[in-house]
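Visitor: Just one file: protein-v8.cif, with mmCIF, C-alpha atoms.
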data_structure
loop_
_atom_site.label_atom_id
_atom_site.label_comp_id
_atom_site.auth_asym_id
_atom_site.auth_seq_id
_atom_site.Cartn_x
_atom_site.Cartn_y
_atom_site.Cartn_z
CA MET A 1 -4.22 17.07 -6.49
CA LYS A 2 -5.10 14.07 -4.33
CA LYS A 3 -1.64 12.75 -5.04
CA ASN A 4 -0.18 15.38 -2.75
CA MET A 5 -2.65 14.87 0.04
CA SER A 6 -1.64 13.04 3.20
CA ASP A 7 -3.47 9.89 4.25
CA TYR A 8 -5.18 11.89 6.97
CA GLU A 9 -6.45 14.54 4.57
CA LEU A 10 -7.88 11.82 2.35
CA ILE A 11 -9.62 10.18 5.30
CA GLU A 12 -11.06 13.49 6.45
CA ARG A 13 -12.51 14.08 2.99
CA PHE A 14 -13.78 10.51 2.78
CA ILE A 15 -15.64 10.95 6.07
CA LYS A 16 -17.20 14.11 4.66
CA GLY A 17 -18.51 12.10 1.73
CA GLU A 18 -15.81 12.17 -0.92
CA GLN A 19 -15.86 8.51 -1.90
CA SER A 20 -13.00 8.85 -4.36
CA CYS A 21 -10.62 9.77 -1.54
CA PHE A 22 -10.82 6.28 -0.09
CA GLU A 23 -10.29 4.82 -3.52
CA HIS A 24 -7.16 6.92 -3.75
CA LEU A 25 -5.96 5.46 -0.44
CA ILE A 26 -6.56 1.97 -1.81
CA HIS A 27 -4.43 2.70 -4.86
CA ARG A 28 -1.73 4.24 -2.68
CA HIS A 29 -1.37 1.31 -0.29
CA LYS A 30 -2.80 -1.76 -2.02
CA ASN A 31 0.49 -3.37 -2.98
CA LYS A 32 2.03 -3.05 0.48
CA VAL A 33 -1.00 -4.73 2.03
CA PHE A 34 -1.36 -7.40 -0.64
CA ALA A 35 2.34 -8.33 -0.55
CA TYR A 36 2.18 -8.74 3.21
CA ILE A 37 -0.89 -10.98 3.10
CA SER A 38 0.33 -13.01 0.11
CA LEU A 39 3.62 -13.91 1.74
CA TYR A 40 1.73 -15.44 4.66
CA ILE A 41 -1.21 -16.93 2.80
CA ARG A 42 -0.21 -19.03 -0.15
CA ASP A 43 -3.73 -19.64 -1.36
CA GLN A 44 -4.26 -16.80 -3.83
CA ALA A 45 -8.06 -16.72 -3.51
CA LEU A 46 -7.86 -16.60 0.26
CA ALA A 47 -5.18 -13.89 0.15
CA GLU A 48 -7.46 -11.81 -2.11
CA ASP A 49 -10.37 -12.25 0.30
CA LEU A 50 -8.28 -11.15 3.27
CA PHE A 51 -6.97 -8.20 1.27
CA GLN A 52 -10.51 -7.03 0.56
CA ASP A 53 -11.64 -7.71 4.12
CA THR A 54 -8.78 -5.56 5.39
CA PHE A 55 -9.91 -2.47 3.49
CA LEU A 56 -13.58 -3.09 4.26
CA LYS A 57 -12.71 -3.29 7.94
CA VAL A 58 -10.72 -0.07 7.61
CA ILE A 59 -13.83 1.65 6.24
CA GLN A 60 -16.00 0.33 9.07
CA SER A 61 -13.50 1.51 11.66
CA VAL A 62 -13.06 4.92 10.05
CA LYS A 63 -16.81 5.42 9.83
CA SER A 64 -17.38 4.39 13.41
CA GLY A 65 -14.73 6.87 14.53
CA LYS A 66 -12.24 4.24 15.67
CA TYR A 67 -9.36 5.73 13.74
CA TYR A 68 -7.47 8.59 15.30
CA ASP A 69 -4.76 9.92 13.09
CA ASN A 70 -1.26 10.00 14.44
CA GLY A 71 0.39 9.95 11.07
CA LYS A 72 0.48 6.16 11.06
CA PHE A 73 -2.37 5.19 8.76
CA ILE A 74 -0.49 2.45 6.90
CA SER A 75 0.79 0.96 10.17
CA TRP A 76 -2.79 0.77 11.38
CA VAL A 77 -4.01 -0.83 8.13
CA MET A 78 -1.21 -3.41 8.27
CA ARG A 79 -2.11 -4.22 11.86
CA ILE A 80 -5.69 -4.92 10.71
CA ALA A 81 -4.34 -7.19 7.95
CA HIS A 82 -2.11 -8.92 10.50
CA ASN A 83 -5.05 -9.57 12.82
CA LEU A 84 -7.14 -10.99 9.98
CA ILE A 85 -4.28 -13.35 9.10
CA ILE A 86 -4.01 -14.47 12.74
CA ASP A 87 -7.81 -14.96 12.89
CA HIS A 88 -7.62 -17.09 9.77
CA PHE A 89 -4.91 -19.37 11.16
CA ARG A 90 -6.81 -19.67 14.45
CA ARG A 91 -9.92 -20.73 12.54
CA VAL A 92 -7.97 -23.27 10.51
CA LYS A 93 -6.44 -24.65 13.70
CA GLN A 94 -9.82 -24.90 15.39
CA LEU A 95 -11.38 -26.63 12.43
CA ASN A 96 -8.36 -28.92 12.29
CA THR A 97 -8.43 -28.76 8.53
CA VAL A 98 -5.55 -29.16 6.13
CA SER A 99 -2.47 -27.08 6.75
CA ASN A 100 -1.79 -23.98 4.71
CA ASP A 101 1.02 -25.82 2.95
CA ASP A 102 -1.49 -28.13 1.33
CA TYR A 103 -3.04 -25.31 -0.64
CA GLU A 104 0.28 -24.82 -2.37
CA SER A 105 -1.27 -22.43 -4.83
CA ASP A 106 1.81 -20.88 -6.30
CA LEU A 107 1.53 -17.18 -6.90
CA PHE A 108 3.86 -17.48 -9.81
CA ASN A 109 1.73 -19.92 -11.73
CA SER A 110 -0.25 -17.03 -13.08
CA LYS A 111 2.79 -15.28 -14.54
CA LYS A 112 3.14 -15.62 -18.25
CA LEU A 113 6.51 -17.05 -19.00
CA ALA A 114 5.98 -17.64 -22.66
CA GLU A 115 9.47 -16.58 -23.64
CA ALA A 116 11.35 -18.41 -20.96
CA ASN A 117 12.10 -21.96 -21.76
CA VAL A 118 10.68 -24.74 -19.66
CA GLU A 119 13.92 -25.51 -17.88
CA ASP A 120 14.52 -21.90 -16.85
CA HIS A 121 10.96 -21.68 -15.71
CA LEU A 122 11.27 -24.79 -13.57
CA ILE A 123 14.55 -23.65 -12.03
CA LYS A 124 13.14 -20.23 -11.28
CA LYS A 125 10.04 -21.76 -9.76
CA GLN A 126 12.07 -24.10 -7.60
CA ILE A 127 14.33 -21.30 -6.35
CA GLN A 128 11.37 -19.10 -5.52
CA LYS A 129 9.75 -22.00 -3.70
CA ASP A 130 12.97 -22.61 -1.74
CA ILE A 131 13.26 -18.94 -0.80
CA ARG A 132 9.66 -18.80 0.36
CA LYS A 133 10.28 -21.92 2.40
CA LEU A 134 13.34 -20.32 4.01
CA ILE A 135 11.30 -17.25 4.89
CA SER A 136 8.54 -19.40 6.36
CA GLN A 137 11.06 -21.20 8.56
CA LEU A 138 12.20 -18.01 10.25
CA PRO A 139 10.87 -17.26 13.74
CA ASP A 140 7.60 -15.26 13.49
CA ASP A 141 9.03 -11.91 14.58
CA GLN A 142 11.95 -12.15 12.15
CA ARG A 143 9.79 -13.32 9.25
CA GLU A 144 7.41 -10.41 9.78
CA VAL A 145 10.22 -7.85 9.53
CA VAL A 146 11.60 -9.46 6.35
CA ILE A 147 8.18 -9.46 4.67
CA LEU A 148 7.31 -5.93 5.72
CA ARG A 149 10.68 -4.54 4.62
CA HIS A 150 11.43 -6.49 1.47
CA TYR A 151 8.01 -7.22 0.04
CA SER A 152 5.75 -4.51 1.45
CA GLY A 153 8.53 -1.94 1.16
CA LEU A 154 7.91 -0.32 4.52
CA SER A 155 10.52 1.72 6.36
CA PHE A 156 11.93 0.50 9.66
CA LYS A 157 10.06 3.27 11.40
CA GLU A 158 6.78 1.98 9.98
CA ILE A 159 7.73 -1.61 10.82
CA ALA A 160 8.49 -0.58 14.39
CA ASP A 161 5.04 1.04 14.63
CA ILE A 162 3.26 -1.99 13.22
CA THR A 163 5.05 -4.54 15.34
CA ASP A 164 4.93 -2.33 18.38
CA VAL A 165 8.66 -2.45 19.13
CA SER A 166 11.47 0.08 19.01
CA ILE A 167 13.28 0.76 15.74
CA ASN A 168 16.40 -0.86 17.21
CA THR A 169 14.49 -4.04 17.99
CA ALA A 170 13.08 -4.15 14.45
CA LEU A 171 16.60 -3.68 13.06
CA GLY A 172 17.95 -6.37 15.37
CA ARG A 173 15.26 -8.77 14.19
CA MET A 174 16.16 -8.07 10.59
CA ARG A 175 19.80 -8.74 11.31
CA TYR A 176 19.03 -12.07 12.97
CA ALA A 177 16.68 -12.95 10.11
CA LEU A 178 19.40 -12.33 7.53
CA ILE A 179 21.97 -14.28 9.57
CA ASN A 180 19.53 -17.17 9.94
CA MET A 181 18.68 -17.13 6.28
CA ARG A 182 22.33 -17.26 5.34
CA LYS A 183 22.83 -20.23 7.68
CA MET A 184 19.87 -22.03 6.14
CA MET A 185 21.13 -21.22 2.64
CA GLU A 186 24.46 -22.80 3.50
CA GLU A 187 22.90 -25.82 5.16
CA LYS A 188 20.56 -26.43 2.27
CA LYS A 189 23.10 -25.40 -0.34
CA ILE A 190 20.78 -22.88 -1.91
CA SER A 191 22.55 -20.47 -4.18
CA LEU A 192 21.76 -18.01 -6.90
CA THR A 193 21.58 -20.38 -9.79
CA TYR A 194 19.02 -18.34 -11.67
CA ASN A 195 19.35 -14.67 -12.58
CA MET B 1 49.24 20.28 -6.45
CA GLY B 2 48.89 17.39 -8.81
CA LEU B 3 46.99 15.30 -6.28
CA ASN B 4 43.95 13.32 -7.33
CA SER B 5 40.94 13.81 -5.18
CA THR B 6 37.32 12.73 -5.23
CA ARG B 7 34.88 15.44 -6.15
CA LEU B 8 32.77 16.44 -3.20
CA LEU B 9 29.14 15.52 -3.72
CA SER B 10 26.45 17.89 -2.63
CA TYR B 11 23.60 16.48 -0.55
CA GLN B 12 21.16 16.99 -3.44
CA GLU B 13 23.26 14.74 -5.65
CA ILE B 14 22.93 11.77 -3.35
CA LEU B 15 19.83 9.77 -4.12
CA VAL B 16 18.27 9.03 -0.77
CA GLN B 17 14.59 8.86 -1.61
CA LYS B 18 14.51 5.11 -1.84
CA THR B 19 16.99 4.55 0.95
CA ASP B 20 15.93 3.75 4.45
CA ILE B 21 18.45 5.52 6.66
CA TYR B 22 18.35 2.71 9.21
CA ASP B 23 19.00 0.11 6.52
CA ASP B 24 21.92 2.20 5.47
CA ALA B 25 23.25 2.83 8.96
CA TRP B 26 23.15 -0.84 9.89
CA GLY B 27 24.88 -1.77 6.65
CA PHE B 28 22.51 -4.58 5.71
CA TYR B 29 23.16 -4.27 2.00
CA PRO B 30 26.94 -4.54 2.08
CA GLU B 31 26.96 -7.24 4.75
CA PHE B 32 24.09 -9.41 3.52
CA ASN B 33 24.20 -8.75 -0.18
CA ASP B 34 23.95 -12.48 -0.97
CA VAL B 35 20.84 -13.01 1.15
CA ILE B 36 19.14 -9.84 -0.05
CA LYS B 37 19.79 -10.84 -3.67
CA LEU B 38 18.09 -14.11 -2.95
CA LEU B 39 15.12 -12.38 -1.33
CA LYS B 40 14.77 -10.19 -4.40
CA GLN B 41 14.26 -13.25 -6.57
CA VAL B 42 10.80 -13.60 -5.11
CA LYS B 43 8.82 -11.00 -6.96
CA LYS B 44 6.70 -8.67 -4.88
CA PRO B 45 3.10 -9.82 -5.09
CA VAL B 46 0.93 -7.00 -6.42
CA ALA B 47 -2.79 -6.42 -6.20
CA GLY B 48 -3.82 -6.60 -9.83
CA LYS B 49 -6.39 -4.50 -11.65
CA ARG B 50 -9.11 -7.15 -11.40
CA LEU B 51 -8.72 -7.42 -7.63
CA THR B 52 -8.57 -3.65 -7.18
CA ARG B 53 -11.72 -3.17 -9.27
CA LYS B 54 -13.49 -5.84 -7.23
CA LEU B 55 -12.51 -4.15 -3.98
CA ILE B 56 -13.58 -0.71 -5.17
CA ALA B 57 -16.94 -2.12 -6.27
CA LYS B 58 -17.42 -3.56 -2.77
CA VAL B 59 -16.42 -0.26 -1.21
CA ARG B 60 -19.00 1.55 -3.36
CA GLU B 61 -21.65 -0.98 -2.38
CA GLN B 62 -21.03 -0.14 1.26
CA GLN B 63 -21.77 3.53 0.72
#
So that I can check it, write out the structure of this file as structure tokens.

Guide:
Amino acid sequence: MKKNMSDYELIERFIKGEQSCFEHLIHRHKNKVFAYISLYIRDQALAEDLFQDTFLKVIQSVKSGKYYDNGKFISWVMRIAHNLIIDHFRRVKQLNTVSNDDYESDLFNSKKLAEANVEDHLIKKQIQKDIRKLISQLPDDQREVVILRHYSGLSFKEIADITDVSINTALGRMRYALINMRKMMEEKKISLTYN
Amino acid sequence: MGLNSTRLLSYQEILVQKTDIYDDAWGFYPEFNDVIKLLKQVKKPVAGKRLTRKLIAKVREQQ
């Protein structure tokens, strides 16, 4: 039954005391939020912390009446995640600690690749690392659109809401991002050597 | 008349649920197929069961 409820209906019920409704929202949106955070934060443990902080902040805001539904719940949640990521980078900058690159905790280390041979595994790992590097070299606004569309699976309408631009601007950013990525692929001679 | 023609598809036959109409209208897939294929090689990170359970436990604690 909850499956057919809108985000707003679930929030309404959660406010009235139905705890399980928020849990349903978590299940509905967790992968979009986690993918977004993980593509920015390479340290897995830190990404998990920010993921949890995002939803805990959502609860606080909902309970304190700071959320007004306009049919854009996921856009609002992603904006909270975005702000937590920005806060994190600000903190790191202030503390002048090691750069995020130094964590280099590869998300794919945890994947079991028992059946793939070592060479395939290494090639795959290298390609994934190269692609992530290409994404990280895109200008911020273009990188955000790529991550939100391809890894969080959001629609352009949702991306436009989150990034606070028109749909045409979001589409334009995606186009530039893809053009830039192709240029970088050519410059760095990255190709699909693993399938 | 002996002419070959393509059967007309009804709207219901076209799978559009997973298609973003803007993606489609701007033709990203046909034009940037190579880049998109590359992007798809990076698997989407997912919030696993352990992490989800941990989060739900924290949410329950807050109640």

Visitor: Identify all residues satisfying the PyMOL selection byres ((chain A) within 7 of (chain B)) in the given file; provide them as number ranges by chain.

Guide: A: 23, 30-31, 34-35, 38, 52, 56, 128, 131, 151, 155-156, 178, 181-182, 192

Visitor: Could you write those residues out with C-alpha atoms, as a tab-separated table (two decimals), keeping the file's coordinate frame?

Guide:
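Below you can see result21.tsv, which holds the result:
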chain	number	residue	atom	x	y	z
A	23	GLU	CA	-10.29	4.82	-3.52
A	30	LYS	CA	-2.80	-1.76	-2.02
A	31	ASN	CA	0.49	-3.37	-2.98
A	34	PHE	CA	-1.36	-7.40	-0.64
A	35	ALA	CA	2.34	-8.33	-0.55
A	38	SER	CA	0.33	-13.01	0.11
A	52	GLN	CA	-10.51	-7.03	0.56
A	56	LEU	CA	-13.58	-3.09	4.26
A	128	GLN	CA	11.37	-19.10	-5.52
A	131	ILE	CA	13.26	-18.94	-0.80
A	151	TYR	CA	8.01	-7.22	0.04
A	155	SER	CA	10.52	1.72	6.36
A	156	PHE	CA	11.93	0.50	9.66
A	178	LEU	CA	19.40	-12.33	7.53
A	181	MET	CA	18.68	-17.13	6.28
A	182	ARG	CA	22.33	-17.26	5.34
A	192	LEU	CA	21.76	-18.01	-6.90

Visitor: When you draw a straight line from atom CA of Ser75 of chain A to atom CA of Asp53 of chain A, how long is it in Å?

Guide: 16.3 Å

Visitor: Taking the file as shown, find all residues satisfying the PyMOL selection byres ((chain A and resi 140) around 12) and write them as a short mmCIF file (atom, residue, chain, number, x, y, z; two decimals) with C-alpha atoms, in the coordinates of the input.

Guide:
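selection-v8.cif, freshly written:
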data_model
loop_
_atom_site.label_atom_id
_atom_site.label_comp_id
_atom_site.auth_asym_id
_atom_site.auth_seq_id
_atom_site.Cartn_x
_atom_site.Cartn_y
_atom_site.Cartn_z
CA TYR A 40 1.73 -15.44 4.66
CA HIS A 82 -2.11 -8.92 10.50
CA ILE A 86 -4.01 -14.47 12.74
CA ILE A 135 11.30 -17.25 4.89
CA SER A 136 8.54 -19.40 6.36
CA GLN A 137 11.06 -21.20 8.56
CA LEU A 138 12.20 -18.01 10.25
CA PRO A 139 10.87 -17.26 13.74
CA ASP A 141 9.03 -11.91 14.58
CA GLN A 142 11.95 -12.15 12.15
CA ARG A 143 9.79 -13.32 9.25
CA GLU A 144 7.41 -10.41 9.78
CA VAL A 145 10.22 -7.85 9.53
CA VAL A 146 11.60 -9.46 6.35
CA ILE A 147 8.18 -9.46 4.67
CA THR A 163 5.05 -4.54 15.34
CA ARG A 173 15.26 -8.77 14.19
CA MET A 174 16.16 -8.07 10.59
CA TYR A 176 19.03 -12.07 12.97
CA ALA A 177 16.68 -12.95 10.11
#

Visitor: Mind checking which residues fall within 10 Å of Asp164 of chain A, counting all atoms listed in the file, ignoring those fewer than 6 positions away in the same chain, and posting them as a VMD selection string?

Guide: chain A and resid 75 79 158 170

Visitor: Could the residues in this selection be written to a file with C-alpha atoms, as a tab-separated table (two decimals), in the frame of the given file?

Guide:
chain	number	residue	atom	x	y	z
A	75	SER	CA	0.79	0.96	10.17
A	79	ARG	CA	-2.11	-4.22	11.86
A	158	GLU	CA	6.78	1.98	9.98
A	170	ALA	CA	13.08	-4.15	14.45

Visitor: Record the distance separating atom CA of Leu39 of chain A and atom CA of Phe51 of chain A, expressed in Å with one decimal.

Guide: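 That distance, rounded to one decimal, is 12.0 Å.
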
Visitor: Between atom CA of Glu61 of chain B and atom CA of Val62 of chain A, what distance in Å does the model show, to one decimal?

Guide: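 Value for the atom CA of Glu61 of chain B-atom CA of Val62 of chain A distance: 16.2 Å.
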
Visitor: Can you spell out as a ChimeraX atom specification the set of residues that the PyMOL selection byres ((chain A and resi 46) around 12) selects in the structure I just provided?

Guide: /A:34,37-45,47-53,84-85,88-89,100,103-105,107

Visitor: I need the residues from that last selection saved to file as a PDB file, keeping the file's coordinate frame (with C-alpha atoms), if you can.

Guide:
ATOM      1  CA  PHE A  34      -1.360  -7.400  -0.640  1.00  0.00           C
ATOM      2  CA  ILE A  37      -0.890 -10.980   3.100  1.00  0.00           C
ATOM      3  CA  SER A  38       0.330 -13.010   0.110  1.00  0.00           C
ATOM      4  CA  LEU A  39       3.620 -13.910   1.740  1.00  0.00           C
ATOM      5  CA  TYR A  40       1.730 -15.440   4.660  1.00  0.00           C
ATOM      6  CA  ILE A  41      -1.210 -16.930   2.800  1.00  0.00           C
ATOM      7  CA  ARG A  42      -0.210 -19.030  -0.150  1.00  0.00           C
ATOM      8  CA  ASP A  43      -3.730 -19.640  -1.360  1.00  0.00           C
ATOM      9  CA  GLN A  44      -4.260 -16.800  -3.830  1.00  0.00           C
ATOM     10  CA  ALA A  45      -8.060 -16.720  -3.510  1.00  0.00           C
ATOM     11  CA  ALA A  47      -5.180 -13.890   0.150  1.00  0.00           C
ATOM     12  CA  GLU A  48      -7.460 -11.810  -2.110  1.00  0.00           C
ATOM     13  CA  ASP A  49     -10.370 -12.250   0.300  1.00  0.00           C
ATOM     14  CA  LEU A  50      -8.280 -11.150   3.270  1.00  0.00           C
ATOM     15  CA  PHE A  51      -6.970  -8.200   1.270  1.00  0.00           C
ATOM     16  CA  GLN A  52     -10.510  -7.030   0.560  1.00  0.00           C
ATOM     17  CA  ASP A  53     -11.640  -7.710   4.120  1.00  0.00           C
ATOM     18  CA  LEU A  84      -7.140 -10.990   9.980  1.00  0.00           C
ATOM     19  CA  ILE A  85      -4.280 -13.350   9.100  1.00  0.00           C
ATOM     20  CA  HIS A  88      -7.620 -17.090   9.770  1.00  0.00           C
ATOM     21  CA  PHE A  89      -4.910 -19.370  11.160  1.00  0.00           C
ATOM     22  CA  ASN A 100      -1.790 -23.980   4.710  1.00  0.00           C
ATOM     23  CA  TYR A 103      -3.040 -25.310  -0.640  1.00  0.00           C
ATOM     24  CA  GLU A 104       0.280 -24.820  -2.370  1.00  0.00           C
ATOM     25  CA  SER A 105      -1.270 -22.430  -4.830  1.00  0.00           C
ATOM     26  CA  LEU A 107       1.530 -17.180  -6.900  1.00  0.00           C
TER      27      LEU A 107
END
